[in-house]
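K.L.:
Structure file start.txt (compact mmCIF, C-alpha atoms) is given on the next line.
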```txt
# COMPACT_ATOMS: atom_id res chain seq x y z
CA LYS A 1066 -1.65 -19.70 -5.09
CA ALA A 1067 -2.65 -16.98 -7.54
CA GLY A 1068 -2.11 -13.40 -6.46
CA VAL A 1069 -4.42 -10.43 -6.60
CA THR A 1070 -5.62 -9.83 -10.14
CA GLN A 1071 -6.66 -6.41 -11.39
CA THR A 1072 -8.21 -5.72 -14.76
CA PRO A 1073 -7.74 -3.91 -16.97
CA ARG A 1074 -4.09 -3.02 -16.65
CA TYR A 1075 -4.38 0.25 -18.56
CA LEU A 1076 -7.35 2.42 -19.40
CA ILE A 1077 -7.84 5.69 -21.23
CA LYS A 1078 -11.13 7.52 -20.74
CA THR A 1079 -12.56 10.91 -21.62
CA ARG A 1080 -13.70 13.49 -19.10
CA GLY A 1081 -17.29 12.95 -18.10
CA GLN A 1082 -17.28 9.23 -18.81
CA GLN A 1083 -17.50 6.56 -16.16
CA VAL A 1084 -15.20 3.62 -15.54
CA THR A 1085 -15.33 0.30 -13.72
CA LEU A 1086 -12.23 -1.44 -12.42
CA SER A 1087 -12.11 -5.03 -11.25
CA CYS A 1088 -10.16 -6.80 -8.52
CA SER A 1089 -10.05 -10.54 -7.81
CA PRO A 1090 -8.51 -11.26 -4.40
CA ILE A 1091 -6.36 -14.16 -3.35
CA SER A 1092 -8.50 -17.23 -2.92
CA GLY A 1093 -9.85 -17.32 0.62
CA HIS A 1094 -9.29 -13.65 1.31
CA ARG A 1095 -12.52 -11.92 2.27
CA SER A 1096 -11.39 -8.31 2.38
CA VAL A 1097 -10.61 -6.09 -0.57
CA SER A 1098 -9.44 -2.53 -0.23
CA TRP A 1099 -8.73 0.08 -2.88
CA TYR A 1100 -6.07 2.77 -3.02
CA GLN A 1101 -5.42 5.65 -5.38
CA GLN A 1102 -1.83 6.61 -6.14
CA THR A 1103 -0.95 9.97 -7.69
CA PRO A 1104 2.37 11.83 -7.82
CA GLY A 1105 0.97 14.69 -5.78
CA GLN A 1106 -1.06 12.93 -3.10
CA GLY A 1107 0.75 9.62 -2.89
CA LEU A 1108 -1.15 6.52 -1.83
CA GLN A 1109 -4.60 7.27 -0.48
CA PHE A 1110 -7.22 4.89 0.89
CA LEU A 1111 -10.48 4.74 -1.04
CA PHE A 1112 -12.51 2.03 0.69
CA GLU A 1113 -12.47 -1.47 2.10
CA TYR A 1114 -15.03 -4.21 1.62
CA PHE A 1115 -15.40 -7.23 3.84
CA SER A 1116 -18.08 -9.86 3.37
CA GLU A 1117 -19.82 -7.72 0.75
CA THR A 1118 -20.12 -4.75 3.11
CA GLN A 1119 -18.21 -1.49 2.91
CA ARG A 1120 -16.38 -1.22 6.23
CA ASN A 1121 -14.58 2.06 5.75
CA LYS A 1122 -14.34 4.85 3.21
CA GLY A 1123 -11.63 7.39 2.62
CA ASN A 1124 -12.05 11.07 1.92
CA PHE A 1125 -13.16 10.88 -1.70
CA PRO A 1126 -16.25 12.33 -3.40
CA GLY A 1127 -19.35 10.26 -3.98
CA ARG A 1128 -18.32 9.75 -7.61
CA PHE A 1129 -16.11 6.97 -6.29
CA SER A 1130 -18.04 3.87 -5.34
CA GLY A 1131 -17.47 0.18 -5.08
CA ARG A 1132 -19.01 -3.14 -4.32
CA GLN A 1133 -18.02 -6.64 -3.41
CA PHE A 1134 -19.59 -9.83 -4.64
CA SER A 1135 -20.24 -13.07 -2.78
CA ASN A 1136 -17.06 -14.58 -4.23
CA SER A 1137 -15.10 -11.63 -2.73
CA ARG A 1138 -14.32 -10.10 -6.10
CA SER A 1139 -14.66 -6.35 -6.01
CA GLU A 1140 -15.37 -3.61 -8.50
CA MET A 1141 -14.69 0.06 -8.21
CA ASN A 1142 -16.62 2.63 -10.20
CA VAL A 1143 -15.80 6.25 -10.91
CA SER A 1144 -18.51 8.34 -12.52
CA THR A 1145 -18.19 11.68 -14.31
CA LEU A 1146 -14.46 11.35 -14.69
CA GLU A 1147 -12.23 14.37 -14.12
CA LEU A 1148 -8.67 14.93 -15.27
CA GLY A 1149 -7.55 14.66 -11.66
CA ASP A 1150 -8.80 11.10 -11.48
CA SER A 1151 -5.84 10.01 -13.59
CA ALA A 1152 -3.93 7.70 -11.28
CA LEU A 1153 -2.76 4.20 -10.53
CA TYR A 1154 -5.55 2.35 -8.73
CA LEU A 1155 -4.35 -0.48 -6.54
CA CYS A 1156 -6.38 -3.07 -4.77
CA ALA A 1157 -5.26 -5.26 -1.92
CA SER A 1158 -6.70 -8.37 -0.34
CA ARG A 1159 -6.31 -9.80 3.13
CA ASN A 1160 -8.07 -11.70 5.89
CA PRO A 1161 -8.60 -9.25 8.77
CA GLY A 1162 -7.91 -10.61 12.20
CA THR A 1163 -5.42 -13.19 11.02
CA GLY A 1164 -2.49 -10.88 11.57
CA TYR A 1165 -1.38 -11.17 7.99
CA GLY A 1166 -0.68 -8.22 5.76
CA TYR A 1167 -2.15 -6.86 2.61
CA THR A 1168 -1.27 -8.32 -0.77
CA PHE A 1169 -1.52 -5.85 -3.61
CA GLY A 1170 -2.32 -6.33 -7.24
CA SER A 1171 -0.38 -4.77 -10.12
CA GLY A 1172 -2.86 -1.94 -10.40
CA THR A 1173 -4.92 -0.30 -13.11
CA ARG A 1174 -3.41 2.81 -14.62
CA LEU A 1175 -6.25 5.16 -15.54
CA THR A 1176 -5.64 8.14 -17.78
CA VAL A 1177 -8.41 10.69 -18.21
CA VAL A 1178 -8.09 12.94 -21.26
CA ALA B 410 -4.75 11.33 13.69
CA GLN B 411 -2.55 8.66 12.21
CA LYS B 412 0.42 9.68 10.15
CA VAL B 413 3.53 8.18 8.57
CA THR B 414 6.51 10.35 7.70
CA GLN B 415 9.31 9.34 5.38
CA ALA B 416 11.53 12.39 5.46
CA GLN B 417 13.91 11.17 2.75
CA THR B 418 12.38 11.80 -0.65
CA GLU B 419 15.26 10.44 -2.70
CA ILE B 420 18.46 8.59 -1.90
CA SER B 421 21.24 7.75 -4.33
CA VAL B 422 23.96 5.27 -3.48
CA VAL B 423 26.59 3.26 -5.28
CA GLU B 424 26.37 -0.50 -5.36
CA LYS B 425 27.59 -2.27 -2.21
CA GLU B 426 26.91 0.73 0.00
CA ASP B 427 24.61 0.27 2.99
CA VAL B 428 21.54 2.48 3.07
CA THR B 429 18.91 3.18 5.75
CA LEU B 430 15.41 4.37 4.96
CA ASP B 431 13.72 6.22 7.80
CA CYS B 432 10.10 5.94 8.89
CA VAL B 433 8.40 7.77 11.73
CA TYR B 434 4.76 7.15 12.60
CA GLU B 435 2.05 8.68 14.77
CA THR B 436 -0.90 6.80 16.23
CA ARG B 437 -2.95 6.75 19.40
CA ASP B 438 -3.78 3.08 18.99
CA THR B 439 -2.08 0.63 21.30
CA THR B 440 -2.35 -2.21 18.80
CA TYR B 441 -1.18 -1.55 15.29
CA TYR B 442 0.90 -2.95 12.47
CA LEU B 443 3.76 -1.44 10.54
CA PHE B 444 4.68 -2.44 7.01
CA TRP B 445 7.31 -1.84 4.39
CA TYR B 446 6.49 -2.20 0.72
CA LYS B 447 8.69 -1.94 -2.37
CA GLN B 448 7.31 -0.52 -5.60
CA PRO B 449 9.36 -1.23 -8.71
CA PRO B 450 8.65 0.62 -11.98
CA SER B 451 6.01 -1.99 -12.87
CA GLY B 452 3.80 -0.45 -10.17
CA GLU B 453 2.93 -3.42 -7.99
CA LEU B 454 3.46 -2.96 -4.26
CA VAL B 455 5.63 -5.81 -3.05
CA PHE B 456 5.28 -6.73 0.61
CA LEU B 457 8.58 -6.78 2.52
CA ILE B 458 7.73 -7.00 6.20
CA ARG B 459 4.95 -6.65 8.77
CA ARG B 460 5.59 -5.89 12.42
CA ASN B 461 2.99 -5.66 15.18
CA SER B 462 3.20 -3.10 17.95
CA PHE B 463 3.95 -5.68 20.61
CA ASP B 464 7.02 -7.08 18.91
CA GLU B 465 10.00 -4.78 19.09
CA GLN B 466 12.53 -7.37 18.05
CA ASN B 467 14.66 -6.32 15.15
CA GLU B 468 14.48 -8.54 12.11
CA ILE B 469 16.98 -9.52 9.49
CA SER B 470 16.15 -11.15 6.20
CA GLY B 471 19.16 -11.60 3.97
CA ARG B 472 20.45 -8.14 3.11
CA TYR B 473 17.39 -6.48 4.64
CA SER B 474 17.01 -5.53 8.29
CA TRP B 475 14.44 -3.55 10.23
CA ASN B 476 14.77 -1.60 13.45
CA PHE B 477 11.51 -0.96 15.34
CA GLN B 478 11.66 1.44 18.29
CA LYS B 479 8.37 2.32 19.97
CA SER B 480 10.07 4.89 22.18
CA THR B 481 10.84 7.02 19.14
CA SER B 482 7.91 5.78 16.99
CA SER B 483 10.30 4.71 14.29
CA PHE B 484 10.53 1.70 12.02
CA ASN B 485 13.67 2.05 9.93
CA PHE B 486 14.76 -0.20 7.09
CA THR B 487 18.37 -0.94 6.20
CA ILE B 488 19.66 -2.54 3.03
CA THR B 489 23.17 -3.92 3.39
CA ALA B 490 25.45 -4.09 0.36
CA SER B 491 22.88 -2.50 -1.94
CA GLN B 492 22.41 -3.78 -5.48
CA VAL B 493 21.07 -2.17 -8.64
CA VAL B 494 17.95 -4.37 -8.35
CA ASP B 495 17.14 -2.61 -5.08
CA SER B 496 16.31 0.55 -7.03
CA ALA B 497 12.65 1.27 -6.39
CA VAL B 498 10.29 3.38 -4.32
CA TYR B 499 9.93 2.14 -0.76
CA PHE B 500 6.86 2.83 1.32
CA CYS B 501 6.35 2.56 5.04
CA ALA B 502 2.74 2.07 6.15
CA LEU B 503 0.69 1.92 9.35
CA GLY B 504 -2.43 -0.19 9.73
CA GLY B 505 -4.66 -2.23 11.98
CA ASN B 506 -5.76 -5.83 12.10
CA GLN B 507 -9.53 -5.43 11.98
CA ALA B 508 -11.72 -5.07 8.91
CA GLY B 509 -12.19 -1.46 7.96
CA THR B 510 -8.84 -0.16 9.11
CA ALA B 511 -7.03 1.65 6.33
CA LEU B 512 -3.35 1.48 5.56
CA ILE B 513 -1.77 4.88 6.03
CA PHE B 514 1.23 5.28 3.76
CA GLY B 515 4.20 7.56 3.91
CA LYS B 516 5.10 9.54 0.79
CA GLY B 517 7.78 7.02 -0.11
CA THR B 518 11.53 7.13 -0.58
CA THR B 519 12.97 6.67 -4.05
CA LEU B 520 16.17 4.66 -3.85
CA SER B 521 18.55 4.73 -6.80
CA VAL B 522 21.47 2.32 -6.75
CA SER B 523 24.09 2.84 -9.45
CA SER B 524 26.76 0.38 -10.53
```
What does this structure look like when you write it as structure tokens?
P.N.:
Amino acid sequence: KAGVTQTPRYLIKTRGQQVTLSCSPISGHRSVSWYQQTPGQGLQFLFEYFSETQRNKGNFPGRFSGRQFSNSRSEMNVSTLELGDSALYLCASRNPGTGYGYTFGSGTRLTVV
Amino acid sequence: AQKVTQAQTEISVVEKEDVTLDCVYETRDTTYYLFWYKQPPSGELVFLIRRNSFDEQNEISGRYSWNFQKSTSSFNFTITASQVVDSAVYFCALGGNQAGTALIFGKGTTLSVSS
């Protein structure tokens, strides 16, 4: 079956702009979580959505938001971009409670200039 | 608080050497899962193994093996007869089974295997 699909693969934005990233989970997976990866901070949890509801949120400012649609696809939005938002954004899908792990997408590499 | 420590930042070996990547975790939960992921230069996190807290059996998969010891809160990963294709960043992670539980990652160990 198809894996986790993230679009776009690469993105260059200017400070102050906003950006929306997309994640399509594995078919049948109802949970999507997002992670930010930077050289300094490593992999950090942003949020997880399950059945269109945000179930948990990491320690990120309110400029970072997300949503999940009825087909489990998820979008992540970052408003008023800062240089420090440059990172690899990874999403993962899973079915909580099944005992199976997270499957990650290839990520979106965001560069803020 | 939950925490994962990978003390080895970088490891360099020559092909065919065995190498062990260390992982130590902290959690107060009685039920949890431990994971290892491989991240090649392309960026995708590739799942290697998942182990739940009730299963302390060691596991071997080809050249890969994992040693889980609850007594020392460690989940170490050994690659036997390393190959150049094993060069990547390896992450150990701690998580739960229910919706809303985040994966807590270690800082990763960069493994370089030379020929």
K.L.:
Based on all atoms listed in the file, which of the residues in chain B come within 9 Å of chain A? I want them as a list in words.
P.N.:
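Per the criterion, chain B yields Tyr442, Phe444, Ser451, Gly452, Glu453, Leu454, Val455, Phe456, Ile458, Arg459, Asn461, Gly505, Asn506, Gln507, Ala508, Gly509, Thr510, Ala511, Leu512, Ile513, Phe514, Gly515, Lys516 and Gly517 of chain B.
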K.L.:
Report, in Å to a single decimal, how far apart atom CA of Asn476 of chain B and atom CA of Asp431 of chain B are.
P.N.:
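Result for atom CA of Asp431 of chain B versus atom CA of Asn476 of chain B: 9.7 Å, one decimal.
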K.L.:
By how many Å are atom CA of Tyr499 of chain B and atom CA of Gln417 of chain B apart?
P.N.:
10.5 Å
K.L.:
Within 10 Å of Ala410 of chain B, counting all atoms listed in the file, which residues show up once you throw out same-chain ones fewer than 4 positions away? Write them as a list in words, please.
P.N.:
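Here the qualifying residues turn out to be Glu435, Thr436, Arg437 and Asp438 of chain B.
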K.L.:
Store the residues of this selection in a file with C-alpha atoms, as a CSV table (one decimal), in the frame of the given file.
P.N.:
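part09.csv, freshly written:
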```csv
chain,number,residue,atom,x,y,z
B,435,GLU,CA,2.0,8.7,14.8
B,436,THR,CA,-0.9,6.8,16.2
B,437,ARG,CA,-3.0,6.8,19.4
B,438,ASP,CA,-3.8,3.1,19.0
```
K.L.:
Can you pull out every residue within 6 Å of segment 1131-1145 of chain A, counting all atoms listed in the file, but drop anything in the same chain fewer than 2 positions away, and send it as a VMD selection string?
P.N.:
chain A and resid 1081 to 1089 1095 1117 1128 to 1129
K.L.:
Give the answer as one residue: which of A:Leu1175, A:Gly1149, A:Ile1091, A:Gln1101 has the shortest atom-to-atom distance to Thr1070 of chain A, using all atoms listed in the file?
P.N.:
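Ranked by minimum distance to Thr1070 of chain A, first place goes to A:Ile1091.
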K.L.:
Give as number ranges by chain the set of residues within 12 Å of the point (10.3, 3.2, 20.3), where distances use the file's coordinates and all atoms listed in the file.
P.N.:
B: 432-435, 462-467, 476-485
K.L.:
By how many Å are atom CA of Val498 of chain B and atom CA of Thr1072 of chain A apart?
P.N.:
23.1 Å
K.L.:
Calculated over only C-alpha atoms, which of the candidates B:Pro450, B:Glu419, B:Trp445, B:Ile469 has the smallest distance to Thr489 of chain B?
P.N.:
B:Ile469
K.L.:
For Asp427 of chain B, which residue among B:Thr518, B:Gln448, B:Ser523, B:Thr487 is the nearest when counting all atoms listed in the file?
P.N.:
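The shortest atom-to-atom distance to Asp427 of chain B comes from B:Thr487.
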K.L.:
Find the residues near Val522 of chain B: any atom within 8 Å, counting only C-alpha atoms, skip ones fewer than 3 places away on the same chain, and give them as a list in words.
P.N.:
Ser421, Val422, Val423, Glu424, Ser491, Gln492, Val493, Val494, Asp495 and Ser496 of chain B
